[in-house]
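S.K.: Input: one structure, supplied below.
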Amino acid sequence: MSARWKLTLSYAGVVVVSGIGLLAAVALYLLRYVPDVNISNDFFVPNRSDLIRAFIPAAIVMMLVLLAIGLGGGWIIAGRMLAPLDRIGKAAQLAAQGSLSHRVALEGPRDEFRDLADVFDSMLEQLEAHLAEQQRFAANASHELRTPLAISQTMLEVASNDPDRDVDALIDRLYEVNARAIELTEALLMLSRAERRTFTREPVDLSLLAEESAETLLPLAERRDVTIDVGGDTANVLGSPALLQQLITNLVHNAIVHNRPVDGTVVVRMHTLPHAVALVVENTGDVLPAHLVATLAEPFQRGADRTRSVGRARGVGSTSAVRGARAGEPGRDDGPADGDDHVGVGLGLAIVQRIAQAHDGSLVLTAVEGGGLNVTVWLPHPFPGPLA
């Protein structure tokens, strides 16, 4: 039995029971004052039995009328009440078939059905955005993984047709391309691990991790004439030491690579607040427009365009050309785990954002007015205290 029929029968039952109660009240409270004997011999005066015999057929007819009214009115009222659920059900069917663009868009005053429809529309909107992001990420990841394989195949084809090929140079180039493919795969695994939150939370001191990252990347900073300044409060959080180390390393590496050619600086500061811990990494560099800053945390941002432009300009057989073009683009987020001098695979700030979100935190990017980028990672305080 459908919900509409159940509601209809419920409405009809309420109407009939109410009618029976009303008639019972009339019979009990009025007819009891009428005696059940012959009242007069001169003219007919109905007694209680006469009234009951006359009342029962009319009561039965009235009960049937009330039943019909209850069924018809209940069916109409139930249909109107369940109409929003029917619209939500049709939207759910379309979503199950893969159409996430449809919205319920329920009109009328705010009630439980309107709130349910709005929540359902919000869920569809988030699912549509998430699916689009996943599809875009899969396409970009496929392109990035295909690039080193295509470069390797091209170099092997060129070498097989060249009788004077330099085997050592070919091996060196293939080694570089293979290392880049491994780096990209490891970055994708790190990103997947952060999104799944498959890690054990334990106390971590961010200030110690920042000092370790600065020490690890010091040779790179010296080669690029960049000064690293680490300081601030002792910042304790709950999380994965490995993931948080990767987060800080990516930020510091990105700040070093995208800096001034000479006399660059990278400032790393920890701030402990009553309810949150802030990790701030700020560097000098080029002035970044707001629309570019808003997209820096997106995976593989502009990666495909860079690769295609490099392939046309310098030839797909040159691994150094691909890396050189990527390294020459300011403001791009990357962070190889080995701390080398190239920019990476375009997943640095994306990994930072996913790690922060996996720790119930957030990432805020702000362009510095004089040039450079300010990156603030907010993480929850493990033992929140009262507001100051």
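How things are named: the first chain in the structure tokens is A, the next is B, and so on; residues count from 1 in each chain; ligands count from 1 in the order shown.
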Fewer than 3 positions away in the same chain doesn't count, so skip those; otherwise give me all residues within 10 Å of Ser207 of chain A, counting only C-alpha atoms, as a ChimeraX atom specification.
M.R.: /A:204,210-213,230-236,248,268-271,279
S.K.: Tell me, in Å to one decimal, how far atom CA of Asp286 of chain A is from atom CA of Val364 of chain A.
M.R.: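 The value is 18.5 Å.
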S.K.: Can you pull out every residue from segment 31-178 of chain A that DSSP, working from the backbone, puts in alpha helix (DSSP H), and format the result as number ranges by chain?
M.R.: A: 48-96, 112-160, 167-178
S.K.: What separation in Å, quoted to one decimal, exists between atom CA of Met155 of chain A and atom CA of Gly348 of chain A?
M.R.: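 Going from atom CA of Met155 of chain A over to atom CA of Gly348 of chain A, I get 28.3 Å.
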S.K.: Which one of A:Arg48, A:Arg114, A:Arg4, A:Arg201 sits closest to Leu244 of chain A if you count only C-alpha atoms?
M.R.: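 Using only C-alpha atoms, Leu244 of chain A sits closest to A:Arg201.
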S.K.: Which one is closest to Arg224 of chain A: A:Ser99, A:Thr198, A:Asn259, A:Asn250? Count only C-alpha atoms.
M.R.: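 Selected residue with least distance to Arg224 of chain A: A:Asn259.
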S.K.: Between A:Asp162, A:Asp111, A:Glu195, A:Glu215, which has the minimum distance to Ala350 of chain A (counting only C-alpha atoms)?
M.R.: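 Closest to Ala350 of chain A of all the choices is A:Glu195.
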S.K.: Would you mind telling me which residue in A:Ser362, A:Ser2, A:Thr265, A:Gln135 lies nearest to Ala78 of chain A when using only C-alpha atoms?
M.R.: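 Checking each of A:Ser362, A:Ser2, A:Thr265, A:Gln135 against Ala78 of chain A, counting only C-alpha atoms, the winner is A:Ser2.
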S.K.: My list of candidates is A:Leu243, A:Leu373, A:Ala3, A:Ala59. Which is closest to Val293 of chain A when distances are computed with only C-alpha atoms?
M.R.: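 Using only C-alpha atoms, the shortest distance to Val293 of chain A belongs to A:Leu373.
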S.K.: Would you pick out the contacts of Ile52 of chain A at 12 Å or less, using only C-alpha atoms, so that residues sharing its chain but fewer than 2 positions from it are not included, and give the list as a short mmCIF file (atom, residue, chain, number, x, y, z; two decimals) with N, CA, C and O atoms, in the first residue's frame?
M.R.:
data_model
loop_
_atom_site.label_atom_id
_atom_site.label_comp_id
_atom_site.auth_asym_id
_atom_site.auth_seq_id
_atom_site.Cartn_x
_atom_site.Cartn_y
_atom_site.Cartn_z
N LEU A 23 -22.31 11.03 17.10
CA LEU A 23 -23.61 10.37 17.17
C LEU A 23 -23.79 9.64 18.49
O LEU A 23 -24.90 9.61 19.06
N ALA A 24 -22.72 9.04 18.99
CA ALA A 24 -22.81 8.37 20.28
C ALA A 24 -23.10 9.37 21.39
O ALA A 24 -23.87 9.07 22.33
N VAL A 26 -24.79 12.13 21.04
CA VAL A 26 -26.21 12.49 20.92
C VAL A 26 -27.08 11.40 21.53
O VAL A 26 -28.04 11.67 22.28
N ALA A 27 -26.74 10.14 21.22
CA ALA A 27 -27.56 9.03 21.72
C ALA A 27 -27.49 8.91 23.24
O ALA A 27 -28.50 8.65 23.91
N LEU A 28 -26.31 9.10 23.80
CA LEU A 28 -26.14 8.89 25.23
C LEU A 28 -26.66 10.05 26.07
O LEU A 28 -27.25 9.86 27.13
N LEU A 30 -28.70 12.73 25.01
CA LEU A 30 -30.01 13.31 24.69
C LEU A 30 -31.14 12.28 24.82
O LEU A 30 -32.18 12.56 25.43
N LEU A 31 -30.90 11.11 24.25
CA LEU A 31 -31.98 10.12 24.27
C LEU A 31 -32.24 9.57 25.66
O LEU A 31 -33.34 9.02 25.91
N ARG A 32 -31.31 9.72 26.57
CA ARG A 32 -31.55 9.18 27.91
C ARG A 32 -32.65 9.97 28.66
O ARG A 32 -33.21 9.50 29.64
N VAL A 34 -35.42 10.88 27.22
CA VAL A 34 -36.70 10.51 26.61
C VAL A 34 -37.13 9.15 27.19
O VAL A 34 -36.38 8.17 27.06
N PRO A 35 -38.30 9.05 27.83
CA PRO A 35 -38.72 7.77 28.41
C PRO A 35 -39.06 6.75 27.32
O PRO A 35 -39.44 7.11 26.20
N ASP A 36 -38.91 5.50 27.67
CA ASP A 36 -39.18 4.42 26.72
C ASP A 36 -40.57 3.82 26.98
O ASP A 36 -40.75 2.62 27.03
N PRO A 46 -43.31 10.33 20.00
CA PRO A 46 -42.31 9.25 19.94
C PRO A 46 -41.59 9.10 21.27
O PRO A 46 -41.25 10.08 21.93
N ASN A 47 -41.40 7.85 21.63
CA ASN A 47 -40.60 7.57 22.82
C ASN A 47 -39.16 7.23 22.40
O ASN A 47 -38.77 7.41 21.24
N ARG A 48 -38.36 6.73 23.34
CA ARG A 48 -36.94 6.48 23.06
C ARG A 48 -36.79 5.43 21.97
O ARG A 48 -35.95 5.59 21.06
N SER A 49 -37.55 4.38 22.00
CA SER A 49 -37.41 3.33 20.99
C SER A 49 -37.78 3.84 19.61
O SER A 49 -37.13 3.50 18.59
N ASP A 50 -38.80 4.67 19.56
CA ASP A 50 -39.17 5.24 18.26
C ASP A 50 -38.05 6.12 17.70
O ASP A 50 -37.75 6.09 16.50
N ALA A 54 -35.78 5.53 14.24
CA ALA A 54 -35.71 6.55 13.20
C ALA A 54 -34.29 7.11 13.03
O ALA A 54 -33.89 7.54 11.94
N PHE A 55 -33.51 7.06 14.13
CA PHE A 55 -32.19 7.69 14.11
C PHE A 55 -31.14 6.80 13.44
O PHE A 55 -30.22 7.28 12.76
N ILE A 56 -31.25 5.48 13.62
CA ILE A 56 -30.20 4.57 13.13
C ILE A 56 -30.05 4.63 11.61
O ILE A 56 -28.94 4.74 11.09
N PRO A 57 -31.09 4.56 10.79
CA PRO A 57 -30.88 4.64 9.33
C PRO A 57 -30.24 5.96 8.90
O PRO A 57 -29.34 5.97 8.04
N ALA A 58 -30.68 7.07 9.53
CA ALA A 58 -30.08 8.36 9.18
C ALA A 58 -28.60 8.40 9.59
O ALA A 58 -27.75 8.95 8.88
N ALA A 59 -28.30 7.79 10.74
CA ALA A 59 -26.91 7.77 11.20
C ALA A 59 -26.03 6.93 10.26
O ALA A 59 -24.89 7.29 9.96
#
S.K.: Between atom CA of Glu222 of chain A and atom CA of Ala181 of chain A, what distance in Å does the model show, to one decimal?
M.R.: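 Atom-to-atom, atom CA of Glu222 of chain A and atom CA of Ala181 of chain A are spaced 27.0 Å apart.
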S.K.: For the strand (DSSP E) assignment from backbone DSSP, which residues of segment 160-208 of chain A qualify? Please present them as a ChimeraX atom specification.
M.R.: /A:202-205
